[in-house]
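Okay, upload-v5.csv now, which holds CSV, C-alpha atoms and all ligand atoms:
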chain,number,residue,atom,x,y,z
A,195,MET,CA,27.8,22.4,12.3
A,196,ALA,CA,30.8,22.8,14.5
A,197,PRO,CA,30.2,23.2,18.3
A,198,ARG,CA,30.1,27.0,18.2
A,199,GLY,CA,29.7,27.5,21.9
A,200,HIS,CA,33.1,25.9,22.7
A,201,TRP,CA,34.9,28.1,20.2
A,202,VAL,CA,33.5,31.3,21.7
A,203,GLY,CA,34.3,30.1,25.2
A,204,ALA,CA,38.0,29.4,24.2
A,205,LEU,CA,38.2,32.9,22.6
A,206,LEU,CA,36.9,34.6,25.8
A,207,LEU,CA,39.4,32.6,27.9
A,208,ALA,CA,42.3,33.6,25.7
A,209,SER,CA,41.4,37.3,25.7
A,210,THR,CA,41.0,37.7,29.5
A,211,GLY,CA,44.3,36.0,30.2
A,212,ALA,CA,46.4,37.9,27.7
A,213,PHE,CA,47.4,41.1,29.6
A,214,ALA,CA,46.7,40.9,33.3
A,215,ALA,CA,48.9,43.9,34.2
A,216,GLY,CA,48.5,46.2,31.2
A,217,ASP,CA,47.6,46.4,27.6
A,218,ALA,CA,50.7,46.5,25.3
A,219,VAL,CA,48.7,47.9,22.3
A,220,ARG,CA,47.4,50.8,24.4
A,221,GLY,CA,50.9,51.0,25.9
A,222,GLN,CA,52.5,51.6,22.5
A,223,GLN,CA,50.1,54.6,21.9
A,224,VAL,CA,51.1,56.0,25.3
A,225,TYR,CA,54.7,55.4,24.5
A,226,GLU,CA,54.5,57.2,21.2
A,227,ALA,CA,52.6,60.1,22.7
A,228,ARG,CA,54.3,60.5,26.0
A,229,CYS,CA,57.8,59.0,25.7
A,230,GLY,CA,58.5,59.4,22.0
A,231,GLY,CA,59.7,63.0,22.3
A,232,CYS,CA,62.8,61.8,24.1
A,233,HIS,CA,63.0,58.0,23.5
A,234,SER,CA,62.8,55.5,20.7
A,235,VAL,CA,63.1,51.8,20.7
A,236,GLU,CA,66.2,51.3,18.6
A,237,THR,CA,68.0,54.7,18.7
A,238,ASP,CA,69.4,56.9,21.5
A,239,ARG,CA,67.9,60.3,21.6
A,240,VAL,CA,67.5,62.7,24.6
A,241,GLY,CA,67.0,59.4,26.5
A,242,PRO,CA,68.5,56.0,25.9
A,243,ARG,CA,67.0,53.4,23.5
A,244,HIS,CA,64.5,50.9,25.0
A,245,ALA,CA,65.0,47.7,23.0
A,246,GLY,CA,65.9,44.9,25.4
A,247,LEU,CA,65.0,47.0,28.5
A,248,PHE,CA,63.4,44.3,30.6
A,249,GLY,CA,65.9,42.4,32.8
A,250,ARG,CA,68.7,44.9,32.0
A,251,ARG,CA,70.6,46.9,34.6
A,252,ALA,CA,69.7,50.6,34.7
A,253,GLY,CA,72.2,52.8,32.9
A,254,ALA,CA,73.6,50.0,30.7
A,255,VAL,CA,73.1,51.1,27.1
A,256,PRO,CA,76.7,51.4,25.7
A,257,GLY,CA,77.6,54.9,24.7
A,258,PHE,CA,74.6,56.7,26.2
A,259,ALA,CA,75.6,59.6,28.6
A,260,TYR,CA,73.6,58.6,31.7
A,261,SER,CA,73.6,60.5,35.0
A,262,PRO,CA,76.1,59.1,37.4
A,263,ALA,CA,73.2,58.6,39.8
A,264,LEU,CA,71.3,56.2,37.5
A,265,VAL,CA,74.4,54.2,36.7
A,266,ALA,CA,75.2,53.9,40.4
A,267,SER,CA,71.6,52.9,41.3
A,268,LYS,CA,72.2,49.1,40.5
A,269,LEU,CA,68.5,48.9,39.6
A,270,VAL,CA,67.3,46.1,37.3
A,271,TRP,CA,64.3,47.0,35.1
A,272,ASN,CA,61.2,45.0,35.7
A,273,ALA,CA,57.5,45.8,36.1
A,274,ASN,CA,58.0,46.9,39.7
A,275,THR,CA,61.1,49.1,39.2
A,276,LEU,CA,59.6,50.6,36.1
A,277,ASP,CA,56.4,51.5,37.9
A,278,ARG,CA,58.3,53.3,40.6
A,279,TRP,CA,60.6,55.0,38.0
A,280,LEU,CA,57.7,56.3,35.9
A,281,THR,CA,55.7,57.4,39.0
A,282,ASN,CA,58.6,59.6,40.3
A,283,PRO,CA,62.1,59.1,38.9
A,284,GLU,CA,63.7,61.5,41.3
A,285,ALA,CA,62.2,59.8,44.4
A,286,LEU,CA,63.6,56.4,43.1
A,287,VAL,CA,67.0,57.7,42.0
A,288,PRO,CA,67.9,61.1,43.4
A,289,GLY,CA,70.1,63.0,41.0
A,290,GLN,CA,68.8,61.3,37.8
A,291,ARG,CA,68.2,63.3,34.6
A,292,MET,CA,64.7,62.2,33.3
A,293,GLY,CA,62.5,65.2,33.9
A,294,TYR,CA,59.3,63.4,33.3
A,295,SER,CA,56.7,61.2,35.0
A,296,LEU,CA,53.4,59.4,34.4
A,297,SER,CA,50.9,60.0,37.2
A,298,ASP,CA,48.2,57.8,35.7
A,299,ALA,CA,48.6,54.2,37.0
A,300,ALA,CA,46.7,52.6,34.1
A,301,GLN,CA,48.9,54.4,31.6
A,302,ARG,CA,52.0,53.2,33.5
A,303,ALA,CA,50.7,49.6,33.5
A,304,ASP,CA,50.0,49.8,29.7
A,305,VAL,CA,53.4,51.3,28.8
A,306,ILE,CA,55.2,48.8,31.0
A,307,ALA,CA,53.4,46.0,29.2
A,308,TYR,CA,54.6,47.5,25.9
A,309,LEU,CA,58.1,47.9,27.1
A,310,SER,CA,58.2,44.2,28.1
A,311,THR,CA,57.6,43.3,24.4
A,312,LEU,CA,60.8,45.1,23.3
A,313,LYS,CA,63.1,42.0,23.4
A,314,THR,CA,65.9,42.9,21.1
A,315,THR,CA,69.1,43.7,23.0
A,316,PRO,CA,71.0,46.8,21.9
B,1,LIG,C1,61.9,64.9,28.6
B,1,LIG,C2,62.6,63.8,28.0
B,1,LIG,C3,62.1,62.4,28.5
B,1,LIG,C4,60.8,61.9,28.4
B,1,LIG,C5,59.5,62.6,27.9
B,1,LIG,C6,60.9,60.5,28.9
B,1,LIG,N1,62.2,60.2,29.2
B,1,LIG,FE1,62.9,58.4,29.9
B,1,LIG,N2,64.7,59.2,30.1
B,1,LIG,C7,65.1,60.5,29.7
B,1,LIG,C8,66.5,60.7,30.1
B,1,LIG,C9,67.4,61.9,29.9
B,1,LIG,C10,67.0,59.4,30.7
B,1,LIG,C11,68.3,59.2,31.3
B,1,LIG,C12,68.2,59.5,32.8
B,1,LIG,C13,69.6,59.5,33.5
B,1,LIG,O1,70.6,59.3,32.9
B,1,LIG,O2,69.5,59.7,34.8
B,1,LIG,C14,65.8,58.5,30.7
B,1,LIG,C15,65.8,57.2,31.1
B,1,LIG,C16,64.8,56.3,31.1
B,1,LIG,C17,64.9,55.0,31.5
B,1,LIG,C18,66.1,54.2,32.0
B,1,LIG,C19,66.7,53.5,30.8
B,1,LIG,C20,68.0,52.8,31.1
B,1,LIG,O3,68.6,52.4,30.1
B,1,LIG,O4,68.4,52.6,32.3
B,1,LIG,C21,63.6,54.4,31.3
B,1,LIG,C22,63.2,53.0,31.5
B,1,LIG,C23,62.8,55.5,30.7
B,1,LIG,N3,63.5,56.6,30.6
B,1,LIG,C24,61.5,55.3,30.4
B,1,LIG,C25,60.6,56.3,29.9
B,1,LIG,C26,59.3,56.2,29.5
B,1,LIG,C27,58.5,54.8,29.6
B,1,LIG,C28,58.8,57.4,29.2
B,1,LIG,C29,57.4,57.8,28.8
B,1,LIG,C30,56.3,57.5,29.8
B,1,LIG,C31,59.9,58.3,29.3
B,1,LIG,N4,61.0,57.7,29.7
B,1,LIG,C32,59.8,59.7,29.0
B,1,LIG,C33,64.3,61.4,29.2
B,1,LIG,C34,63.0,61.3,29.0
If you took the structure in this file and wrote it as structure tokens, what would it be?
Ligand code: HEC
Amino acid sequence: MAPRGHWVGALLLASTGAFAAGDAVRGQQVYEARCGGCHSVETDRVGPRHAGLFGRRAGAVPGFAYSPALVASKLVWNANTLDRWLTNPEALVPGQRMGYSLSDAAQRADVIAYLSTLKTTP
């Protein structure tokens, strides 16, 4: 028989290292339930599309009518700026136009893990 113990050990190691910050699969469910009313990955709606969000300047989707405040913020989206934005957009960027926040830190971590998988640039 194959050395079964080693195989199980490797599997455990892989699963604990996968999503240290948040769980992208749970994050997709949060996204669909909480963000999907205004956003989609590939299409601008009430809010801008999210494909290619990580590493992009705030307010940079061509053709989307952002608030002047968000465009002027010079933020770059990463796990830290997104956590602050989703906690309280108005505290991070006074004058912005997203009337929504996520108070649950675990949901923020999960949705940020999901957003980090959306690599396609618009
Ligand atoms: C009620 C509608 C609404 C909901 C719900 C909403 N958003 Fe937004 N979102 C907006 C609008 C409008 C903007 C543009 C804000 C501006 O121009 O100041 C925006 C902007 C953003 C941006 C900045 C994008 C960029 O290109 O700079 C991110 C990131 C974002 N939203 C993430 C989320 C996430 C994640 C959720 C779910 C937890 C969410 N939003 C829920 C309306 C919404």
Could you build a table of the residues in chain A lying no more than 8 Å from ligand LIG 1 (chain B), giving for each the nearest pair of atoms and their separation in Å rounded to one decimal place, using all atoms listed in the file, ordered by chain and ascending residue number, as a Markdown table?
| residue | atom | partner | partner_atom | distance |
| --- | --- | --- | --- | --- |
| A:Val224 | CA | B:LIG1 | C30 | 7.0 |
| A:Tyr225 | CA | B:LIG1 | C29 | 5.6 |
| A:Arg228 | CA | B:LIG1 | C29 | 5.0 |
| A:Cys229 | CA | B:LIG1 | C29 | 3.3 |
| A:Gly230 | CA | B:LIG1 | C5 | 6.8 |
| A:Gly231 | CA | B:LIG1 | C5 | 5.6 |
| A:Cys232 | CA | B:LIG1 | C2 | 4.4 |
| A:His233 | CA | B:LIG1 | N1 | 6.2 |
| A:Val240 | CA | B:LIG1 | C9 | 5.4 |
| A:Gly241 | CA | B:LIG1 | C8 | 3.9 |
| A:Pro242 | CA | B:LIG1 | O3 | 5.5 |
| A:Arg243 | CA | B:LIG1 | O3 | 6.9 |
| A:His244 | CA | B:LIG1 | O3 | 6.7 |
| A:Leu247 | CA | B:LIG1 | O3 | 6.7 |
| A:Arg250 | CA | B:LIG1 | O4 | 7.7 |
| A:Arg251 | CA | B:LIG1 | O4 | 6.5 |
| A:Ala252 | CA | B:LIG1 | O4 | 3.4 |
| A:Gly253 | CA | B:LIG1 | O4 | 3.9 |
| A:Ala254 | CA | B:LIG1 | O3 | 5.6 |
| A:Val255 | CA | B:LIG1 | O3 | 5.6 |
| A:Ala259 | CA | B:LIG1 | O1 | 6.6 |
| A:Tyr260 | CA | B:LIG1 | O1 | 3.3 |
| A:Ser261 | CA | B:LIG1 | O1 | 3.9 |
| A:Pro262 | CA | B:LIG1 | O1 | 7.1 |
| A:Ala263 | CA | B:LIG1 | O2 | 6.3 |
| A:Leu264 | CA | B:LIG1 | O2 | 4.8 |
| A:Val265 | CA | B:LIG1 | O1 | 7.4 |
| A:Trp271 | CA | B:LIG1 | C22 | 7.1 |
| A:Leu276 | CA | B:LIG1 | C22 | 6.3 |
| A:Trp279 | CA | B:LIG1 | C22 | 7.3 |
| A:Leu280 | CA | B:LIG1 | C30 | 6.4 |
| A:Val287 | CA | B:LIG1 | O2 | 7.9 |
| A:Gly289 | CA | B:LIG1 | O2 | 7.0 |
| A:Gln290 | CA | B:LIG1 | O2 | 3.5 |
| A:Arg291 | CA | B:LIG1 | O2 | 3.8 |
| A:Met292 | CA | B:LIG1 | C8 | 4.0 |
| A:Gly293 | CA | B:LIG1 | C1 | 5.3 |
| A:Tyr294 | CA | B:LIG1 | C4 | 5.3 |
| A:Ser295 | CA | B:LIG1 | C30 | 6.4 |
| A:Leu296 | CA | B:LIG1 | C30 | 5.8 |
| A:Arg302 | CA | B:LIG1 | C30 | 7.1 |
| A:Val305 | CA | B:LIG1 | C27 | 6.2 |
| A:Ile306 | CA | B:LIG1 | C27 | 7.0 |
| A:Leu309 | CA | B:LIG1 | C27 | 7.3 |
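Among the candidates A:Ser267, A:Ala218, A:Lys313, A:Phe258, the one nearest to Pro288 in chain A when counting only C-alpha atoms is A:Ser267.
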Between CA of Gly221 in chain A and CA of Val235 in chain A, what is the distance, to one decimal in Å?
13.3 Å
For CA of Ala299 in chain A and CA of Ala245 in chain A, determine how far apart the two atoms are, in Å to one decimal place.
22.5 Å
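Interatomic distance, CA of Arg220 in chain A against CA of Val270 in chain A: 24.2 Å.
In terms of minimum interatomic distance to Leu269 in chain A, A:Leu286 ranks closest within A:Leu312, A:Ala300, A:Leu286, A:Ala227, counting only C-alpha atoms.
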Closest to Asn272 in chain A among A:Gln301, A:Gln223, A:Pro256, A:Thr311, using only C-alpha atoms?
A:Thr311
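Minimum atom-to-atom distance to Ala215 in chain A, evaluated using only C-alpha atoms, belongs to A:Asn274 out of A:Thr237, A:Ser297, A:Asn274, A:Thr281.
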